[in-house]
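With PDB, C-alpha atoms inside, this is work.pdb:
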ATOM      1  CA  MET A  16       0.000   0.000   0.000
ATOM      2  CA  SER A  17       1.405   3.382  -1.021
ATOM      3  CA  LEU A  18      -0.501   5.454   1.553
ATOM      4  CA  VAL A  19       0.148   5.246   5.293
ATOM      5  CA  LEU A  20      -3.282   6.634   6.239
ATOM      6  CA  ASP A  21      -5.837   3.942   7.109
ATOM      7  CA  PRO A  22      -8.170   3.206   4.154
ATOM      8  CA  ALA A  23     -11.234   4.035   6.285
ATOM      9  CA  ALA A  24      -9.750   7.466   7.028
ATOM     10  CA  GLN A  25      -8.956   7.934   3.336
ATOM     11  CA  ASP A  26     -12.602   7.220   2.545
ATOM     12  CA  LEU A  27     -13.846   9.558   5.293
ATOM     13  CA  LEU A  28     -11.706  12.455   4.143
ATOM     14  CA  PHE A  29     -11.773  11.963   0.371
ATOM     15  CA  ARG A  30     -13.320   8.984  -1.442
ATOM     16  CA  GLU A  31     -16.674   8.836   0.332
ATOM     17  CA  ALA A  32     -16.846  12.481   1.420
ATOM     18  CA  ARG A  33     -19.307  14.581  -0.554
ATOM     19  CA  THR A  34     -20.414  18.176  -0.771
ATOM     20  CA  ALA A  35     -23.725  18.359   1.098
ATOM     21  CA  ASN A  36     -26.762  20.325  -0.040
ATOM     22  CA  THR A  37     -29.145  19.166   2.694
ATOM     23  CA  PHE A  38     -28.540  18.566   6.382
ATOM     24  CA  THR A  39     -30.205  17.008   9.390
ATOM     25  CA  ASP A  40     -31.160  19.308  12.252
ATOM     26  CA  GLU A  41     -28.463  17.834  14.518
ATOM     27  CA  PRO A  42     -26.487  20.817  15.859
ATOM     28  CA  VAL A  43     -22.805  21.409  15.258
ATOM     29  CA  THR A  44     -21.276  22.137  18.646
ATOM     30  CA  GLU A  45     -18.671  24.694  19.606
ATOM     31  CA  GLU A  46     -16.513  21.784  20.778
ATOM     32  CA  GLN A  47     -16.629  20.243  17.292
ATOM     33  CA  VAL A  48     -15.596  23.517  15.664
ATOM     34  CA  GLN A  49     -12.760  23.961  18.166
ATOM     35  CA  ALA A  50     -11.562  20.403  17.481
ATOM     36  CA  ILE A  51     -11.620  21.097  13.737
ATOM     37  CA  HIS A  52      -9.578  24.258  14.236
ATOM     38  CA  ASP A  53      -7.138  22.530  16.568
ATOM     39  CA  LEU A  54      -6.455  19.992  13.811
ATOM     40  CA  VAL A  55      -6.335  22.137  10.689
ATOM     41  CA  LYS A  56      -4.296  24.986  12.170
ATOM     42  CA  TYR A  57      -1.247  22.803  11.497
ATOM     43  CA  GLY A  58      -1.690  22.916   7.717
ATOM     44  CA  PRO A  59       1.186  24.847   6.116
ATOM     45  CA  THR A  60       1.041  28.449   4.945
ATOM     46  CA  ALA A  61       3.862  30.672   3.693
ATOM     47  CA  PHE A  62       5.753  32.223   6.614
ATOM     48  CA  ASN A  63       3.163  30.514   8.841
ATOM     49  CA  GLN A  64       1.028  33.559   8.104
ATOM     50  CA  SER A  65      -2.280  31.783   8.846
ATOM     51  CA  PRO A  66      -4.534  34.496   7.384
ATOM     52  CA  LEU A  67      -7.830  32.556   7.466
ATOM     53  CA  ARG A  68     -10.518  34.106   9.646
ATOM     54  CA  ILE A  69     -13.824  32.370  10.322
ATOM     55  CA  VAL A  70     -17.154  33.953  11.221
ATOM     56  CA  LEU A  71     -19.616  31.395  12.583
ATOM     57  CA  VAL A  72     -23.191  32.321  11.722
ATOM     58  CA  ARG A  73     -25.227  30.759  14.547
ATOM     59  CA  SER A  74     -27.983  33.160  15.538
ATOM     60  CA  ALA A  75     -31.273  33.430  13.661
ATOM     61  CA  GLU A  76     -30.739  37.184  13.369
ATOM     62  CA  ALA A  77     -27.329  36.739  11.731
ATOM     63  CA  ARG A  78     -28.712  34.072   9.399
ATOM     64  CA  GLU A  79     -31.468  36.479   8.302
ATOM     65  CA  ARG A  80     -28.786  39.062   7.499
ATOM     66  CA  LEU A  81     -26.788  36.526   5.472
ATOM     67  CA  ILE A  82     -29.525  34.877   3.367
ATOM     68  CA  PRO A  83     -30.261  37.897   1.108
ATOM     69  CA  HIS A  84     -26.589  37.963   0.068
ATOM     70  CA  MET A  85     -26.639  34.333  -1.073
ATOM     71  CA  ALA A  86     -27.288  33.361  -4.692
ATOM     72  CA  GLU A  87     -30.883  32.209  -5.140
ATOM     73  CA  GLY A  88     -29.886  28.536  -5.426
ATOM     74  CA  ASN A  89     -27.897  28.684  -2.175
ATOM     75  CA  ARG A  90     -30.482  30.382   0.054
ATOM     76  CA  ALA A  91     -32.598  27.441   1.192
ATOM     77  CA  LYS A  92     -29.669  25.204   2.073
ATOM     78  CA  THR A  93     -27.932  28.044   3.907
ATOM     79  CA  ALA A  94     -31.129  28.787   5.820
ATOM     80  CA  SER A  95     -31.457  25.153   6.937
ATOM     81  CA  ALA A  96     -27.828  24.181   7.632
ATOM     82  CA  PRO A  97     -27.065  23.635  11.335
ATOM     83  CA  LEU A  98     -24.003  25.904  11.080
ATOM     84  CA  VAL A  99     -22.745  28.342   8.478
ATOM     85  CA  ALA A 100     -19.153  29.601   8.382
ATOM     86  CA  ILE A 101     -17.946  32.641   6.478
ATOM     87  CA  LEU A 102     -14.301  32.072   5.541
ATOM     88  CA  ALA A 103     -12.274  35.212   4.943
ATOM     89  CA  ALA A 104      -8.697  36.319   4.356
ATOM     90  CA  ASP A 105      -7.182  38.760   6.851
ATOM     91  CA  ASN A 106      -5.217  41.274   4.779
ATOM     92  CA  GLU A 107      -3.489  42.554   7.911
ATOM     93  CA  PHE A 108      -2.139  39.097   8.851
ATOM     94  CA  HIS A 109       1.401  40.530   8.842
ATOM     95  CA  GLU A 110       0.809  42.158  12.227
ATOM     96  CA  ASP A 111       0.930  38.675  13.791
ATOM     97  CA  LEU A 112       4.060  37.519  11.973
ATOM     98  CA  PRO A 113       6.505  38.405  14.766
ATOM     99  CA  LYS A 114       4.579  35.933  16.947
ATOM    100  CA  LEU A 115       3.795  33.332  14.266
ATOM    101  CA  PHE A 116       7.187  33.407  12.535
ATOM    102  CA  PRO A 117       9.527  34.227  15.447
ATOM    103  CA  HIS A 118      12.778  33.080  13.828
ATOM    104  CA  PHE A 119      12.396  35.893  11.252
ATOM    105  CA  PRO A 120      10.076  38.530  12.749
ATOM    106  CA  GLN A 121      11.341  41.086  10.207
ATOM    107  CA  ALA A 122       9.278  39.278   7.537
ATOM    108  CA  LYS A 123       6.417  41.559   8.556
ATOM    109  CA  ASP A 124       8.201  44.582   7.098
ATOM    110  CA  VAL A 125      10.623  42.990   4.627
ATOM    111  CA  PHE A 126       8.014  41.106   2.614
ATOM    112  CA  PHE A 127       4.581  42.418   3.571
ATOM    113  CA  ALA A 128       4.839  46.172   4.052
ATOM    114  CA  GLU A 129       2.694  46.889   0.969
ATOM    115  CA  ARG A 130      -1.044  46.171   1.009
ATOM    116  CA  PRO A 131      -1.299  44.671  -2.534
ATOM    117  CA  VAL A 132       1.402  42.125  -1.655
ATOM    118  CA  ARG A 133      -0.453  41.233   1.554
ATOM    119  CA  GLU A 134      -3.783  40.858  -0.255
ATOM    120  CA  GLN A 135      -2.280  38.444  -2.776
ATOM    121  CA  ALA A 136      -0.537  36.404  -0.062
ATOM    122  CA  ALA A 137      -3.617  36.398   2.169
ATOM    123  CA  ALA A 138      -5.913  35.229  -0.640
ATOM    124  CA  LEU A 139      -3.669  32.303  -1.587
ATOM    125  CA  ASN A 140      -2.831  31.166   1.928
ATOM    126  CA  ALA A 141      -6.337  31.601   3.324
ATOM    127  CA  ALA A 142      -7.627  29.548   0.375
ATOM    128  CA  LEU A 143      -5.181  26.795   1.378
ATOM    129  CA  GLN A 144      -6.503  26.995   4.920
ATOM    130  CA  ALA A 145     -10.096  26.910   3.656
ATOM    131  CA  ALA A 146      -9.306  23.587   1.956
ATOM    132  CA  TYR A 147      -7.790  22.299   5.208
ATOM    133  CA  PHE A 148     -10.933  23.465   7.004
ATOM    134  CA  ILE A 149     -13.184  21.468   4.678
ATOM    135  CA  VAL A 150     -11.082  18.338   5.239
ATOM    136  CA  GLY A 151     -11.218  19.037   8.988
ATOM    137  CA  VAL A 152     -15.014  19.223   8.856
ATOM    138  CA  ARG A 153     -14.975  15.798   7.214
ATOM    139  CA  ALA A 154     -12.562  14.504   9.880
ATOM    140  CA  ALA A 155     -15.173  15.480  12.480
ATOM    141  CA  GLY A 156     -17.694  13.196  10.754
ATOM    142  CA  LEU A 157     -19.590  16.152   9.327
ATOM    143  CA  ALA A 158     -20.301  17.273   5.784
ATOM    144  CA  ALA A 159     -19.357  20.603   4.266
ATOM    145  CA  GLY A 160     -21.161  22.528   1.564
ATOM    146  CA  PRO A 161     -18.691  25.183   0.351
ATOM    147  CA  MET A 162     -20.129  27.949  -1.835
ATOM    148  CA  THR A 163     -18.845  30.974  -3.705
ATOM    149  CA  GLY A 164     -22.289  31.887  -5.015
ATOM    150  CA  PHE A 165     -22.927  34.998  -2.950
ATOM    151  CA  ASP A 166     -22.560  38.776  -3.043
ATOM    152  CA  PHE A 167     -18.964  39.184  -1.849
ATOM    153  CA  ALA A 168     -19.227  42.948  -1.304
ATOM    154  CA  GLY A 169     -22.508  42.546   0.569
ATOM    155  CA  VAL A 170     -21.141  39.839   2.885
ATOM    156  CA  GLN A 171     -18.019  41.882   3.525
ATOM    157  CA  LYS A 172     -20.073  44.947   4.438
ATOM    158  CA  GLU A 173     -22.515  42.986   6.604
ATOM    159  CA  PHE A 174     -20.103  40.731   8.516
ATOM    160  CA  LEU A 175     -16.501  41.848   7.971
ATOM    161  CA  ASP A 176     -14.503  45.025   7.444
ATOM    162  CA  ASP A 177     -12.177  46.445   4.796
ATOM    163  CA  ASP A 178      -9.255  44.392   6.121
ATOM    164  CA  HIS A 179     -11.039  41.053   5.600
ATOM    165  CA  THR A 180     -11.920  39.635   2.178
ATOM    166  CA  PRO A 181     -14.584  36.902   2.020
ATOM    167  CA  LEU A 182     -13.483  33.733   0.199
ATOM    168  CA  MET A 183     -16.342  31.280   0.601
ATOM    169  CA  ILE A 184     -19.285  30.346   2.749
ATOM    170  CA  VAL A 185     -19.491  26.800   4.084
ATOM    171  CA  ASN A 186     -22.648  25.066   5.316
ATOM    172  CA  ILE A 187     -21.767  22.446   7.935
ATOM    173  CA  GLY A 188     -23.657  19.551   9.500
ATOM    174  CA  LYS A 189     -24.670  15.924   9.243
ATOM    175  CA  PRO A 190     -25.837  15.223   5.683
ATOM    176  CA  GLY A 191     -29.586  15.016   5.237
ATOM    177  CA  GLU A 192     -31.770  13.159   2.775
ATOM    178  CA  ASP A 193     -30.542  13.292  -0.833
ATOM    179  CA  ALA A 194     -27.686  15.483   0.375
ATOM    180  CA  SER A 195     -25.356  15.012  -2.593
ATOM    181  CA  TYR A 196     -25.428  14.745  -6.336
ATOM    182  CA  GLN A 197     -24.023  11.678  -8.046
ATOM    183  CA  ARG A 198     -20.224  11.761  -7.944
ATOM    184  CA  SER A 199     -18.807  13.663 -10.927
ATOM    185  CA  PRO A 200     -15.775  12.370 -12.836
ATOM    186  CA  ARG A 201     -12.269  13.411 -11.860
ATOM    187  CA  PRO A 202      -9.303  13.767 -14.223
ATOM    188  CA  ALA A 203      -6.989  10.757 -14.477
ATOM    189  CA  TYR A 204      -3.404  10.827 -13.251
ATOM    190  CA  ASP A 205      -1.931  11.160 -16.747
ATOM    191  CA  GLU A 206      -4.249  14.109 -17.466
ATOM    192  CA  VAL A 207      -2.877  16.013 -14.489
ATOM    193  CA  VAL A 208       0.712  14.906 -13.891
ATOM    194  CA  THR A 209       3.702  15.342 -16.180
ATOM    195  CA  THR A 210       7.299  14.468 -15.443
ATOM    196  CA  VAL A 211      10.210  16.545 -16.734
TER     197      VAL A 211
END

Any chance you could give the structure as structure tokens?
Amino acid sequence: MSLVLDPAAQDLLFREARTANTFTDEPVTEEQVQAIHDLVKYGPTAFNQSPLRIVLVRSAEARERLIPHMAEGNRAKTASAPLVAILAADNEFHEDLPKLFPHFPQAKDVFFAERPVREQAAALNAALQAAYFIVGVRAAGLAAGPMTGFDFAGVQKEFLDDDHTPLMIVNIGKPGEDASYQRSPRPAYDEVVTTV
């Protein structure tokens, strides 16, 4: 076997895991979200910058503020998901670099003094962390429904500030009835990998 990870864990995280469009009403606890974070925070980012920020939409009032910003096809599932997370990139992540990258604290000013550079780095590295987050949700035995079909400017204005750029919104919970579409094809190895 080429992979060290147990086949059941491989299935849980990848082969059998599916994007969910419906959920049961079983709640997602704060303890589950903390456990997910405590696992996925170890995923690598450049300079350990860790720019992902997560806004958990739990209250009915906050959900009512979010729904109008969702694309029409994403509103019902977002309204009914046990938990919704707004994933965003912190464009001022460099302020934490002296703590997060202590063996080269000057990285804050040497590499990230200019806002456009920070925005590009934050977008890429927070997107990496968003992928880790989705795998972490699966590791908790939950399903994730990541979406980019929403009004980015509206969500930013309603829930974030000018220093945080929304990346995606993720519905989280136990999958409900007819939660997923039939699995779509994936490209074969030789369609993706070349050797030089």

Selected residue of minimal separation from Ala77 in chain A among A:Val208, A:Val150, A:Val170, A:Glu31, counting only C-alpha atoms =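 Smallest separation from Ala77 in chain A among the options: A:Val170.
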
For the structure provided, state which residues fall under the PyMOL selection byres ((chain A and resi 100-113) around 9), and present them as a PyMOL selection string.
-> chain A and resi 62-73+98-99+114-124+127-128+130-131+133-142+145+170-171+174-175+177-187

Restricting the output to C-alpha atoms, write the selected residues as a PDB file, in the frame of the given file.
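out.pdb, written as the output of this step:
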ATOM      1  CA  PHE A  62       5.753  32.223   6.614  1.00  0.00           C
ATOM      2  CA  ASN A  63       3.163  30.514   8.841  1.00  0.00           C
ATOM      3  CA  GLN A  64       1.028  33.559   8.104  1.00  0.00           C
ATOM      4  CA  SER A  65      -2.280  31.783   8.846  1.00  0.00           C
ATOM      5  CA  PRO A  66      -4.534  34.496   7.384  1.00  0.00           C
ATOM      6  CA  LEU A  67      -7.830  32.556   7.466  1.00  0.00           C
ATOM      7  CA  ARG A  68     -10.518  34.106   9.646  1.00  0.00           C
ATOM      8  CA  ILE A  69     -13.824  32.370  10.322  1.00  0.00           C
ATOM      9  CA  VAL A  70     -17.154  33.953  11.221  1.00  0.00           C
ATOM     10  CA  LEU A  71     -19.616  31.395  12.583  1.00  0.00           C
ATOM     11  CA  VAL A  72     -23.191  32.321  11.722  1.00  0.00           C
ATOM     12  CA  ARG A  73     -25.227  30.759  14.547  1.00  0.00           C
ATOM     13  CA  LEU A  98     -24.003  25.904  11.080  1.00  0.00           C
ATOM     14  CA  VAL A  99     -22.745  28.342   8.478  1.00  0.00           C
ATOM     15  CA  LYS A 114       4.579  35.933  16.947  1.00  0.00           C
ATOM     16  CA  LEU A 115       3.795  33.332  14.266  1.00  0.00           C
ATOM     17  CA  PHE A 116       7.187  33.407  12.535  1.00  0.00           C
ATOM     18  CA  PRO A 117       9.527  34.227  15.447  1.00  0.00           C
ATOM     19  CA  HIS A 118      12.778  33.080  13.828  1.00  0.00           C
ATOM     20  CA  PHE A 119      12.396  35.893  11.252  1.00  0.00           C
ATOM     21  CA  PRO A 120      10.076  38.530  12.749  1.00  0.00           C
ATOM     22  CA  GLN A 121      11.341  41.086  10.207  1.00  0.00           C
ATOM     23  CA  ALA A 122       9.278  39.278   7.537  1.00  0.00           C
ATOM     24  CA  LYS A 123       6.417  41.559   8.556  1.00  0.00           C
ATOM     25  CA  ASP A 124       8.201  44.582   7.098  1.00  0.00           C
ATOM     26  CA  PHE A 127       4.581  42.418   3.571  1.00  0.00           C
ATOM     27  CA  ALA A 128       4.839  46.172   4.052  1.00  0.00           C
ATOM     28  CA  ARG A 130      -1.044  46.171   1.009  1.00  0.00           C
ATOM     29  CA  PRO A 131      -1.299  44.671  -2.534  1.00  0.00           C
ATOM     30  CA  ARG A 133      -0.453  41.233   1.554  1.00  0.00           C
ATOM     31  CA  GLU A 134      -3.783  40.858  -0.255  1.00  0.00           C
ATOM     32  CA  GLN A 135      -2.280  38.444  -2.776  1.00  0.00           C
ATOM     33  CA  ALA A 136      -0.537  36.404  -0.062  1.00  0.00           C
ATOM     34  CA  ALA A 137      -3.617  36.398   2.169  1.00  0.00           C
ATOM     35  CA  ALA A 138      -5.913  35.229  -0.640  1.00  0.00           C
ATOM     36  CA  LEU A 139      -3.669  32.303  -1.587  1.00  0.00           C
ATOM     37  CA  ASN A 140      -2.831  31.166   1.928  1.00  0.00           C
ATOM     38  CA  ALA A 141      -6.337  31.601   3.324  1.00  0.00           C
ATOM     39  CA  ALA A 142      -7.627  29.548   0.375  1.00  0.00           C
ATOM     40  CA  ALA A 145     -10.096  26.910   3.656  1.00  0.00           C
ATOM     41  CA  VAL A 170     -21.141  39.839   2.885  1.00  0.00           C
ATOM     42  CA  GLN A 171     -18.019  41.882   3.525  1.00  0.00           C
ATOM     43  CA  PHE A 174     -20.103  40.731   8.516  1.00  0.00           C
ATOM     44  CA  LEU A 175     -16.501  41.848   7.971  1.00  0.00           C
ATOM     45  CA  ASP A 177     -12.177  46.445   4.796  1.00  0.00           C
ATOM     46  CA  ASP A 178      -9.255  44.392   6.121  1.00  0.00           C
ATOM     47  CA  HIS A 179     -11.039  41.053   5.600  1.00  0.00           C
ATOM     48  CA  THR A 180     -11.920  39.635   2.178  1.00  0.00           C
ATOM     49  CA  PRO A 181     -14.584  36.902   2.020  1.00  0.00           C
ATOM     50  CA  LEU A 182     -13.483  33.733   0.199  1.00  0.00           C
ATOM     51  CA  MET A 183     -16.342  31.280   0.601  1.00  0.00           C
ATOM     52  CA  ILE A 184     -19.285  30.346   2.749  1.00  0.00           C
ATOM     53  CA  VAL A 185     -19.491  26.800   4.084  1.00  0.00           C
ATOM     54  CA  ASN A 186     -22.648  25.066   5.316  1.00  0.00           C
ATOM     55  CA  ILE A 187     -21.767  22.446   7.935  1.00  0.00           C
TER      56      ILE A 187
END

Shell of 8 Å around Phe148 in chain A, all atoms listed in the file, local chain residues under 6 positions omitted, as a PyMOL selection string = chain A and resi 51-52+55

Is it possible to get the axis-aligned box enclosing range 43-53 of chain A (all listed atoms, 6 Å extra per side) as JSON, with centre and edge lengths in Å rounded to one decimal?
{"center_x": -15.0, "center_y": 22.5, "center_z": 17.3, "size_x": 27.7, "size_y": 16.5, "size_z": 19.0}

Straight-line distance linking CA of Glu87 in chain A with CA of Arg198 in chain A, stated in Å to one decimal = 23.2 Å

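Here CA of Lys92 in chain A is placed at a distance of 8.9 Å from CA of Gly160 in chain A.
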
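Picture a line from CA of Leu20 in chain A to CA of Tyr204 in chain A; it runs 19.9 Å.
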
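Using only C-alpha atoms, every residue with an atom at most 9 Å from the point (-15.7, 16.3, 9.4) is listed here: Leu27, Leu28, Ala32, Gln47, Ile51, Phe148, Ile149, Val150, Gly151, Val152, Arg153, Ala154, Ala155, Gly156, Leu157, Ala158, Ala159, Ile187, Gly188 and Lys189 of chain A.
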
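Here, the PyMOL selection byres ((chain A and resi 95) around 9) matches A:Thr37, A:Phe38, A:Thr39, A:Asp40, A:Arg90, A:Ala91, A:Lys92, A:Thr93, A:Ala94, A:Ala96, A:Pro97, A:Leu98, A:Asn186.
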
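For the residues A:Thr44, A:Asn36, A:Arg78, A:Met16, ranking by smallest atom-to-atom distance to Ala194 in chain A using only C-alpha atoms places A:Asn36 first.
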